[in-house]
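The structure file protein-v1.cif is reproduced below (mmCIF, C-alpha atoms).
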```cif
data_target
#
loop_
_atom_site.group_PDB
_atom_site.id
_atom_site.type_symbol
_atom_site.label_atom_id
_atom_site.label_comp_id
_atom_site.auth_asym_id
_atom_site.auth_seq_id
_atom_site.Cartn_x
_atom_site.Cartn_y
_atom_site.Cartn_z
ATOM 1 C CA MET A 1 145.943 81.261 90.918
ATOM 2 C CA SER A 2 143.457 82.570 88.382
ATOM 3 C CA PRO A 3 143.285 86.347 87.950
ATOM 4 C CA VAL A 4 140.477 88.161 89.742
ATOM 5 C CA PRO A 5 137.728 88.888 87.203
ATOM 6 C CA SER A 6 136.723 92.378 86.229
ATOM 7 C CA LEU A 7 133.112 93.572 86.078
ATOM 8 C CA LEU A 8 130.955 94.220 83.025
ATOM 9 C CA LEU A 9 127.888 96.353 83.804
ATOM 10 C CA ILE A 10 124.809 96.473 81.565
ATOM 11 C CA HIS A 11 122.393 99.397 81.598
ATOM 12 C CA GLY A 12 118.603 99.258 81.505
ATOM 13 C CA ALA A 13 115.937 100.369 79.066
ATOM 14 C CA ALA A 14 116.015 103.840 77.493
ATOM 15 C CA SER A 15 119.328 104.699 79.118
ATOM 16 C CA GLY A 16 123.001 104.000 78.519
ATOM 17 C CA ALA A 17 126.337 103.243 80.121
ATOM 18 C CA TRP A 18 126.149 106.685 81.754
ATOM 19 C CA VAL A 19 123.854 105.308 84.473
ATOM 20 C CA TRP A 20 126.896 103.508 85.921
ATOM 21 C CA ASP A 21 129.110 106.564 86.450
ATOM 22 C CA ALA A 22 128.821 106.591 90.262
ATOM 23 C CA TRP A 23 129.019 102.820 90.747
ATOM 24 C CA ARG A 24 131.945 102.628 88.340
ATOM 25 C CA ARG A 25 133.850 105.361 90.147
ATOM 26 C CA HIS A 26 133.359 103.975 93.647
ATOM 27 C CA LEU A 27 133.969 100.334 92.725
ATOM 28 C CA ARG A 28 137.185 101.374 91.012
ATOM 29 C CA GLU A 29 138.222 103.215 94.161
ATOM 30 C CA SER A 30 137.673 99.906 95.982
ATOM 31 C CA GLY A 31 140.107 98.213 93.617
ATOM 32 C CA TRP A 32 137.784 96.634 91.042
ATOM 33 C CA GLN A 33 138.223 96.929 87.311
ATOM 34 C CA VAL A 34 134.855 97.975 85.892
ATOM 35 C CA ASN A 35 133.795 97.844 82.249
ATOM 36 C CA VAL A 36 130.528 99.241 80.869
ATOM 37 C CA LEU A 37 128.923 98.993 77.465
ATOM 38 C CA ASP A 38 126.257 100.773 75.492
ATOM 39 C CA LEU A 39 123.887 98.253 73.950
ATOM 40 C CA ARG A 40 123.202 98.786 70.258
ATOM 41 C CA GLY A 41 121.233 101.941 69.568
ATOM 42 C CA HIS A 42 122.045 103.393 73.010
ATOM 43 C CA GLY A 43 124.503 106.009 74.217
ATOM 44 C CA ARG A 44 127.703 106.046 72.204
ATOM 45 C CA SER A 45 127.128 102.768 70.385
ATOM 46 C CA LEU A 46 126.602 102.615 66.658
ATOM 47 C CA PRO A 47 123.130 103.696 65.532
ATOM 48 C CA ALA A 48 120.599 100.897 65.151
ATOM 49 C CA ASP A 49 116.999 100.582 64.038
ATOM 50 C CA LEU A 50 115.511 100.017 67.477
ATOM 51 C CA SER A 51 112.140 99.173 65.974
ATOM 52 C CA THR A 52 113.564 95.758 65.038
ATOM 53 C CA VAL A 53 115.890 95.022 67.981
ATOM 54 C CA THR A 54 115.211 92.094 70.338
ATOM 55 C CA LEU A 55 116.617 90.976 73.672
ATOM 56 C CA GLU A 56 118.535 88.337 71.741
ATOM 57 C CA ASP A 57 120.300 91.114 69.820
ATOM 58 C CA TYR A 58 121.345 92.680 73.110
ATOM 59 C CA LEU A 59 122.646 89.305 74.302
ATOM 60 C CA ALA A 60 124.826 89.175 71.187
ATOM 61 C CA ASP A 61 126.243 92.586 72.149
ATOM 62 C CA ILE A 62 127.087 91.320 75.622
ATOM 63 C CA ALA A 63 128.685 88.136 74.276
ATOM 64 C CA SER A 64 130.873 90.078 71.860
ATOM 65 C CA VAL A 65 132.216 92.241 74.687
ATOM 66 C CA THR A 66 132.787 89.379 77.137
ATOM 67 C CA VAL A 67 134.875 87.607 74.497
ATOM 68 C CA GLN A 68 137.064 90.692 74.136
ATOM 69 C CA ILE A 69 137.469 91.083 77.891
ATOM 70 C CA GLU A 70 138.304 87.416 78.409
ATOM 71 C CA ARG A 71 140.828 87.522 75.590
ATOM 72 C CA ALA A 72 142.510 90.607 77.059
ATOM 73 C CA GLN A 73 142.406 89.632 80.739
ATOM 74 C CA GLY A 74 142.443 85.848 80.675
ATOM 75 C CA VAL A 75 139.227 85.490 82.670
ATOM 76 C CA HIS A 76 135.526 85.909 81.958
ATOM 77 C CA PRO A 77 134.089 89.055 83.594
ATOM 78 C CA ILE A 78 131.527 89.169 86.369
ATOM 79 C CA ILE A 79 128.263 90.282 84.757
ATOM 80 C CA GLY A 80 126.187 93.000 86.376
ATOM 81 C CA GLY A 81 122.995 94.597 85.179
ATOM 82 C CA TRP A 82 120.326 97.051 86.259
ATOM 83 C CA SER A 83 116.623 96.795 85.444
ATOM 84 C CA MET A 84 116.300 95.300 81.945
ATOM 85 C CA GLY A 85 120.086 94.931 81.970
ATOM 86 C CA GLY A 86 119.747 92.715 85.030
ATOM 87 C CA LEU A 87 117.343 90.458 83.177
ATOM 88 C CA LEU A 88 119.794 90.353 80.275
ATOM 89 C CA ALA A 89 122.527 89.372 82.743
ATOM 90 C CA GLN A 90 120.395 86.457 83.955
ATOM 91 C CA MET A 91 119.602 85.398 80.387
ATOM 92 C CA TYR A 92 123.294 85.532 79.517
ATOM 93 C CA ALA A 93 124.310 83.525 82.581
ATOM 94 C CA ARG A 94 121.604 80.953 81.821
ATOM 95 C CA GLU A 95 123.514 80.119 78.629
ATOM 96 C CA HIS A 96 127.056 80.875 79.820
ATOM 97 C CA ARG A 97 127.774 78.852 82.935
ATOM 98 C CA GLU A 98 131.387 80.088 82.797
ATOM 99 C CA THR A 99 130.151 83.458 84.095
ATOM 100 C CA PRO A 100 131.967 83.765 87.451
ATOM 101 C CA ALA A 101 129.257 85.760 89.258
ATOM 102 C CA LEU A 102 126.196 87.971 88.820
ATOM 103 C CA LEU A 103 125.417 91.380 90.304
ATOM 104 C CA LEU A 104 121.730 92.195 89.839
ATOM 105 C CA PHE A 105 120.841 95.840 90.511
ATOM 106 C CA ASP A 106 117.080 96.187 91.035
ATOM 107 C CA SER A 107 116.739 93.793 88.145
ATOM 108 C CA ILE A 108 113.653 92.778 86.267
ATOM 109 C CA ALA A 109 112.953 89.271 87.532
ATOM 110 C CA PRO A 110 112.164 86.299 85.297
ATOM 111 C CA VAL A 111 108.633 85.163 84.600
ATOM 112 C CA GLU A 112 108.889 82.507 87.306
ATOM 113 C CA VAL A 113 108.907 85.400 89.826
ATOM 114 C CA THR A 114 106.754 88.101 88.253
ATOM 115 C CA GLY A 115 104.362 86.219 86.008
ATOM 116 C CA ARG A 116 103.309 87.777 82.706
ATOM 117 C CA ALA A 117 102.211 91.396 82.545
ATOM 118 C CA SER A 118 98.562 91.991 81.778
ATOM 119 C CA ALA A 119 97.453 92.946 78.295
ATOM 120 C CA GLU A 120 96.597 96.385 79.653
ATOM 121 C CA GLU A 121 100.143 96.836 80.985
ATOM 122 C CA GLN A 122 101.666 95.685 77.696
ATOM 123 C CA ARG A 123 99.553 98.195 75.765
ATOM 124 C CA LYS A 124 101.240 101.024 77.680
ATOM 125 C CA PHE A 125 104.440 100.098 75.824
ATOM 126 C CA ALA A 126 102.914 99.539 72.387
ATOM 127 C CA GLY A 127 105.221 101.759 70.336
ATOM 128 C CA ALA A 128 107.858 100.504 67.917
ATOM 129 C CA VAL A 129 110.439 102.731 69.635
ATOM 130 C CA LEU A 130 109.910 103.853 73.218
ATOM 131 C CA THR A 131 111.045 107.213 74.574
ATOM 132 C CA PRO A 132 111.896 108.164 78.186
ATOM 133 C CA GLU A 133 108.418 109.642 78.542
ATOM 134 C CA THR A 134 107.008 106.125 78.225
ATOM 135 C CA PHE A 135 108.810 105.296 81.475
ATOM 136 C CA GLY A 136 107.730 108.469 83.290
ATOM 137 C CA ILE A 137 110.918 110.420 82.573
ATOM 138 C CA PHE A 138 110.419 113.858 80.983
ATOM 139 C CA PRO A 139 113.781 115.370 79.981
ATOM 140 C CA GLU A 140 112.245 118.806 79.392
ATOM 141 C CA ASP A 141 110.170 118.802 82.586
ATOM 142 C CA PRO A 142 112.154 118.225 85.804
ATOM 143 C CA ALA A 143 109.138 118.834 88.024
ATOM 144 C CA ARG A 144 107.092 116.162 86.263
ATOM 145 C CA SER A 145 110.035 113.738 86.388
ATOM 146 C CA ARG A 146 110.257 114.059 90.171
ATOM 147 C CA GLU A 147 107.577 111.413 90.654
ATOM 148 C CA MET A 148 109.951 108.768 89.269
ATOM 149 C CA LEU A 149 113.161 110.339 90.602
ATOM 150 C CA PRO A 150 112.238 111.689 94.056
ATOM 151 C CA GLU A 151 115.517 110.985 95.827
ATOM 152 C CA LEU A 152 117.892 112.558 93.290
ATOM 153 C CA THR A 153 119.529 115.831 94.200
ATOM 154 C CA GLU A 154 118.889 118.818 91.946
ATOM 155 C CA GLU A 155 122.314 118.326 90.365
ATOM 156 C CA GLU A 156 121.740 114.593 89.854
ATOM 157 C CA LEU A 157 118.315 115.246 88.362
ATOM 158 C CA ALA A 158 119.673 117.804 85.906
ATOM 159 C CA THR A 159 122.482 115.497 84.783
ATOM 160 C CA PHE A 160 120.160 112.516 84.533
ATOM 161 C CA LEU A 161 117.617 114.351 82.383
ATOM 162 C CA SER A 162 120.357 115.750 80.161
ATOM 163 C CA ASN A 163 121.680 112.239 79.519
ATOM 164 C CA ALA A 164 118.159 110.915 78.934
ATOM 165 C CA THR A 165 117.226 113.557 76.366
ATOM 166 C CA LYS A 166 117.820 111.387 73.293
ATOM 167 C CA ALA A 167 117.500 107.973 74.915
ATOM 168 C CA GLU A 168 115.224 105.435 73.260
ATOM 169 C CA GLU A 169 114.306 101.780 73.662
ATOM 170 C CA SER A 170 113.160 98.976 71.417
ATOM 171 C CA GLY A 171 109.452 98.353 71.885
ATOM 172 C CA ILE A 172 109.899 94.753 70.796
ATOM 173 C CA ALA A 173 112.620 94.103 73.366
ATOM 174 C CA PHE A 174 110.815 95.758 76.246
ATOM 175 C CA ARG A 175 107.569 93.958 75.504
ATOM 176 C CA GLN A 176 109.519 90.701 75.632
ATOM 177 C CA THR A 177 110.304 91.510 79.273
ATOM 178 C CA LEU A 178 106.602 92.147 79.956
ATOM 179 C CA ARG A 179 105.498 88.896 78.378
ATOM 180 C CA GLY A 180 108.027 87.169 80.607
ATOM 181 C CA ILE A 181 111.448 85.598 80.160
ATOM 182 C CA SER A 182 112.114 82.230 81.731
ATOM 183 C CA VAL A 183 115.303 81.811 83.751
ATOM 184 C CA PRO A 184 115.088 78.602 85.802
ATOM 185 C CA ALA A 185 116.720 79.092 89.185
ATOM 186 C CA GLU A 186 118.782 75.953 88.693
ATOM 187 C CA ALA A 187 120.338 77.508 85.576
ATOM 188 C CA ILE A 188 121.997 80.202 87.681
ATOM 189 C CA THR A 189 124.828 78.142 89.084
ATOM 190 C CA MET A 190 127.279 80.968 89.790
ATOM 191 C CA PRO A 191 127.406 83.113 92.950
ATOM 192 C CA SER A 192 124.876 85.926 92.697
ATOM 193 C CA LEU A 193 124.133 89.093 94.624
ATOM 194 C CA VAL A 194 120.974 91.179 94.361
ATOM 195 C CA ILE A 195 121.337 94.907 95.086
ATOM 196 C CA GLY A 196 118.058 96.754 95.123
ATOM 197 C CA VAL A 197 115.072 98.368 96.708
ATOM 198 C CA GLY A 198 114.240 96.739 100.013
ATOM 199 C CA GLY A 199 111.809 97.264 102.808
ATOM 200 C CA GLY A 200 109.136 94.611 102.369
ATOM 201 C CA ASP A 201 108.119 93.128 105.725
ATOM 202 C CA SER A 202 106.024 90.275 104.362
ATOM 203 C CA SER A 203 105.572 88.192 101.242
ATOM 204 C CA GLU A 204 102.682 90.480 100.276
ATOM 205 C CA SER A 205 104.911 93.564 100.367
ATOM 206 C CA GLN A 206 108.103 92.066 98.954
ATOM 207 C CA THR A 207 109.931 94.216 96.458
ATOM 208 C CA GLU A 208 110.856 92.632 93.147
ATOM 209 C CA SER A 209 114.501 92.520 94.221
ATOM 210 C CA GLU A 210 113.623 90.727 97.448
ATOM 211 C CA ALA A 211 111.517 88.219 95.529
ATOM 212 C CA LEU A 212 114.343 87.671 93.032
ATOM 213 C CA ALA A 213 116.902 87.044 95.774
ATOM 214 C CA GLN A 214 114.548 84.545 97.406
ATOM 215 C CA TYR A 215 113.958 82.803 94.060
ATOM 216 C CA LEU A 216 117.680 82.519 93.315
ATOM 217 C CA GLY A 217 118.530 81.614 96.903
ATOM 218 C CA CYS A 218 121.172 84.318 97.039
ATOM 219 C CA GLU A 219 122.174 87.213 99.263
ATOM 220 C CA MET A 220 120.693 90.677 98.888
ATOM 221 C CA VAL A 221 122.007 94.113 99.769
ATOM 222 C CA ALA A 222 118.975 96.337 100.330
ATOM 223 C CA MET A 223 119.011 100.048 99.554
ATOM 224 C CA PRO A 224 116.091 101.464 101.585
ATOM 225 C CA GLY A 225 115.062 105.017 100.827
ATOM 226 C CA VAL A 226 115.693 104.912 97.085
ATOM 227 C CA GLY A 227 113.542 104.000 94.134
ATOM 228 C CA HIS A 228 114.354 102.034 91.018
ATOM 229 C CA TRP A 229 116.379 104.774 89.321
ATOM 230 C CA GLY A 230 118.058 105.859 92.543
ATOM 231 C CA VAL A 231 119.700 102.442 92.852
ATOM 232 C CA VAL A 232 122.077 103.466 90.074
ATOM 233 C CA TYR A 233 121.958 107.251 90.184
ATOM 234 C CA HIS A 234 121.710 108.523 93.774
ATOM 235 C CA ALA A 235 125.315 109.003 94.856
ATOM 236 C CA ASP A 236 124.749 109.062 98.629
ATOM 237 C CA ALA A 237 122.937 105.714 98.592
ATOM 238 C CA ILE A 238 125.595 104.218 96.322
ATOM 239 C CA VAL A 239 128.413 105.387 98.626
ATOM 240 C CA GLU A 240 126.642 103.699 101.551
ATOM 241 C CA THR A 241 126.113 100.458 99.608
ATOM 242 C CA VAL A 242 129.501 100.013 97.911
ATOM 243 C CA PRO A 243 131.255 98.609 101.037
ATOM 244 C CA ALA A 244 128.747 95.736 101.284
ATOM 245 C CA VAL A 245 129.111 94.930 97.578
ATOM 246 C CA ASP A 246 132.895 95.169 97.821
ATOM 247 C CA ALA A 247 132.895 92.820 100.842
ATOM 248 C CA TRP A 248 130.756 90.263 98.982
ATOM 249 C CA LEU A 249 133.042 90.399 95.959
ATOM 250 C CA ARG A 250 136.126 89.923 98.134
ATOM 251 C CA ARG A 251 134.585 86.940 99.897
ATOM 252 C CA THR A 252 133.633 85.439 96.548
ATOM 253 C CA PHE A 253 136.947 86.206 94.832
ATOM 254 C CA PRO A 254 139.691 86.278 97.485
ATOM 255 C CA SER A 255 142.953 87.599 96.078
#
```
Any chance you could give the structure as structure tokens?
Amino acid sequence: MSPVPSLLLIHGAASGAWVWDAWRRHLRESGWQVNVLDLRGHGRSLPADLSTVTLEDYLADIASVTVQIERAQGVHPIIGGWSMGGLLAQMYAREHRETPALLLFDSIAPVEVTGRASAEEQRKFAGAVLTPETFGIFPEDPARSREMLPELTEEELATFLSNATKAEESGIAFRQTLRGISVPAEAITMPSLVIGVGGGDSSESQTESEALAQYLGCEMVAMPGVGHWGVVYHADAIVETVPAVDAWLRRTFPS
């Protein structure tokens, strides 16, 4: 019998591996081996000139880590990603059919789902290097950040903003996501699970995660009552959601 794969989780824009602290802890308590990485120029990775970095550079980072994990453990890891990291996970799986499964946490969906962002929307992210403020996160102003992070506790908010203080993102890479990345549904041949914001009652009010799950024809675990950032950083919602994710993983990879 093949060994049960571990997980490799990929963070989103202007953040780092630190966004996975709660998910990593609770999934480990459920018996899963969880790896995280800081993409180049993020968190504890080596410094990089983010003004030149592309999504393809980030894919190279992911590939280099999956090779190391597979060499050490004898099996390719499950790939998980949040936000931009979720789109990177889909792009990686599109080219690496050996990926055993995908976990997509409130992921950016491919262009087939979202279409291309308007020129006006793209101009909001026109800088060479984007800061948290570009995404509505103000590390020095907790009150102003509340609009984007309403569900976080005071302690979670303080920790989040402390971690985000020096976070940056490549303008080139993020604008690639806005212009749209193609991931044909038929290219995602491995089992996939979407975990994200739910609550849409009709096609007109579908969340992006609900639309992505429909596009991929896969299951979704909805996290009502949280926003985009709360999916990875609000501990109470994560504690409530981990059992459903654990159950899906155990059905997909019975020991």
Open item on the list: Let me make sure I understand: among A:Ile181, A:Val4, A:Ile79, A:Leu157, which one has the smallest atom-to-atom distance to Leu102 of chain A if we use all atoms listed in the file?
Closed with: A:Ile79
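With distances restricted to all atoms listed in the file, A:Val221 is the closest residue to Pro243 of chain A from A:Thr66, A:Val231, A:Pro110, A:Val221.
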Please report, as JSON lines, each residue of segment 157-187 of chain A lying at most 6 Å from segment 115-124 of chain A, together with the nearest pair of atoms and the separation in Å rounded to one decimal; use only C-alpha atoms, and order rows by chain and ascending residue number.
```
{"residue": "A:Leu178", "atom": "CA", "partner": "A:Ala117", "partner_atom": "CA", "distance": 5.2}
{"residue": "A:Arg179", "atom": "CA", "partner": "A:Arg116", "partner_atom": "CA", "distance": 5.0}
{"residue": "A:Gly180", "atom": "CA", "partner": "A:Arg116", "partner_atom": "CA", "distance": 5.2}
```
Do a neighbour search on Leu249 of chain A at 10 Å with all atoms listed in the file, toss out local chain neighbours closer than 3 positions, and write the hits as a compact mmCIF listing (two decimals) with C-alpha atoms, in the frame of the given file.
```txt
# COMPACT_ATOMS: atom_id res chain seq x y z
CA VAL A 4 140.48 88.16 89.74
CA TRP A 32 137.78 96.63 91.04
CA ILE A 78 131.53 89.17 86.37
CA ALA A 101 129.26 85.76 89.26
CA LEU A 103 125.42 91.38 90.30
CA PRO A 191 127.41 83.11 92.95
CA SER A 192 124.88 85.93 92.70
CA LEU A 193 124.13 89.09 94.62
CA PRO A 243 131.26 98.61 101.04
CA ALA A 244 128.75 95.74 101.28
CA VAL A 245 129.11 94.93 97.58
CA ASP A 246 132.90 95.17 97.82
CA THR A 252 133.63 85.44 96.55
CA PHE A 253 136.95 86.21 94.83
CA PRO A 254 139.69 86.28 97.48
```
TODO: Could you give me, as a VMD selection string, the residues within 12 Å of Ile238 of chain A, counting only C-alpha atoms and dropping anything in the same chain fewer than 3 positions from it?
DONE: chain A and resid 20 to 27 105 152 195 to 196 221 to 226 229 to 235 241 to 246
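For the pair atom CA of Val111 of chain A and atom CA of Ala93 of chain A, the interatomic distance is 15.9 Å.
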As lines of an AutoDock Vina configuration file, what would the box around segment 172-182 of chain A look like: edges along x, y and z, 5 Å added on every side, centre and edge lengths in Å to one decimal?
```
center_x = 109.1
center_y = 89.0
center_z = 76.3
size_x = 17.1
size_y = 23.5
size_z = 20.9
```
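Atom pair atom CA of Val19 of chain A / atom CA of Ala213 of chain A has a distance of 22.6 Å (rounded to one decimal).
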- [ ] Determine the residue membership of the PyMOL selection byres ((chain A and resi 13) around 8) for the file above and supply it as a ChimeraX atom specification.
- [x] /A:11-12,14-16,83-85,168-169,174
If you count only C-alpha atoms, which residues fall within 12 Å of Asp141 of chain A, apart from same-chain ones fewer than 6 positions away, as a compact mmCIF listing (two decimals) with C-alpha atoms, keeping the file's coordinate frame?
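Okay, part_16.txt is ready:
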```txt
# COMPACT_ATOMS: atom_id res chain seq x y z
CA PRO A 132 111.90 108.16 78.19
CA GLU A 133 108.42 109.64 78.54
CA GLU A 147 107.58 111.41 90.65
CA LEU A 157 118.32 115.25 88.36
CA ALA A 158 119.67 117.80 85.91
CA PHE A 160 120.16 112.52 84.53
CA LEU A 161 117.62 114.35 82.38
CA SER A 162 120.36 115.75 80.16
CA ALA A 164 118.16 110.92 78.93
CA THR A 165 117.23 113.56 76.37
```
Open item on the list: Between A:Leu149, A:Ala72, A:Met190, A:Ala60, which residue has the minimum interatomic distance to Thr99 of chain A, considering only C-alpha atoms?
Closed with: A:Met190
TODO: Return as a PyMOL selection string the set of residues that the PyMOL selection byres ((chain A and resi 59) around 12) yields on the displayed structure.
DONE: chain A and resi 10+37+39-40+53-58+60-66+79+84-96+173
Keeping only C-alpha atoms, take the residues you just selected and write them out as a tab-separated table (two decimals), in the coordinates of the input.
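The file below, result-v5.tsv, is the result:
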```
chain	number	residue	atom	x	y	z
A	10	ILE	CA	124.81	96.47	81.56
A	37	LEU	CA	128.92	98.99	77.46
A	39	LEU	CA	123.89	98.25	73.95
A	40	ARG	CA	123.20	98.79	70.26
A	53	VAL	CA	115.89	95.02	67.98
A	54	THR	CA	115.21	92.09	70.34
A	55	LEU	CA	116.62	90.98	73.67
A	56	GLU	CA	118.54	88.34	71.74
A	57	ASP	CA	120.30	91.11	69.82
A	58	TYR	CA	121.34	92.68	73.11
A	60	ALA	CA	124.83	89.18	71.19
A	61	ASP	CA	126.24	92.59	72.15
A	62	ILE	CA	127.09	91.32	75.62
A	63	ALA	CA	128.68	88.14	74.28
A	64	SER	CA	130.87	90.08	71.86
A	65	VAL	CA	132.22	92.24	74.69
A	66	THR	CA	132.79	89.38	77.14
A	79	ILE	CA	128.26	90.28	84.76
A	84	MET	CA	116.30	95.30	81.94
A	85	GLY	CA	120.09	94.93	81.97
A	86	GLY	CA	119.75	92.72	85.03
A	87	LEU	CA	117.34	90.46	83.18
A	88	LEU	CA	119.79	90.35	80.28
A	89	ALA	CA	122.53	89.37	82.74
A	90	GLN	CA	120.40	86.46	83.96
A	91	MET	CA	119.60	85.40	80.39
A	92	TYR	CA	123.29	85.53	79.52
A	93	ALA	CA	124.31	83.52	82.58
A	94	ARG	CA	121.60	80.95	81.82
A	95	GLU	CA	123.51	80.12	78.63
A	96	HIS	CA	127.06	80.88	79.82
A	173	ALA	CA	112.62	94.10	73.37
```
Open item on the list: Residues near Leu7 of chain A, anyone? I mean within 7 Å using all atoms listed in the file, not counting same-chain ones fewer than 6 positions away, as a ChimeraX atom specification.
Closed with: /A:33-35,77-80
Task: Separation of atom CA of Arg146 of chain A from atom CA of Leu8 of chain A in Å - done: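 So the answer is 29.5 Å.
With all atoms listed in the file as the atoms that count, the minimum distance from Gly41 of chain A to the choices A:Val129, A:Ile137, A:Ala211, A:Val113 is reached by A:Val129.
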TODO: Would you mind telling me which residue in A:Met148, A:Val36, A:Ala109, A:Ala187 lies nearest to Ala17 of chain A when using only C-alpha atoms?
DONE: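 Residue with the minimum atom-to-atom distance to Ala17 of chain A: A:Val36.
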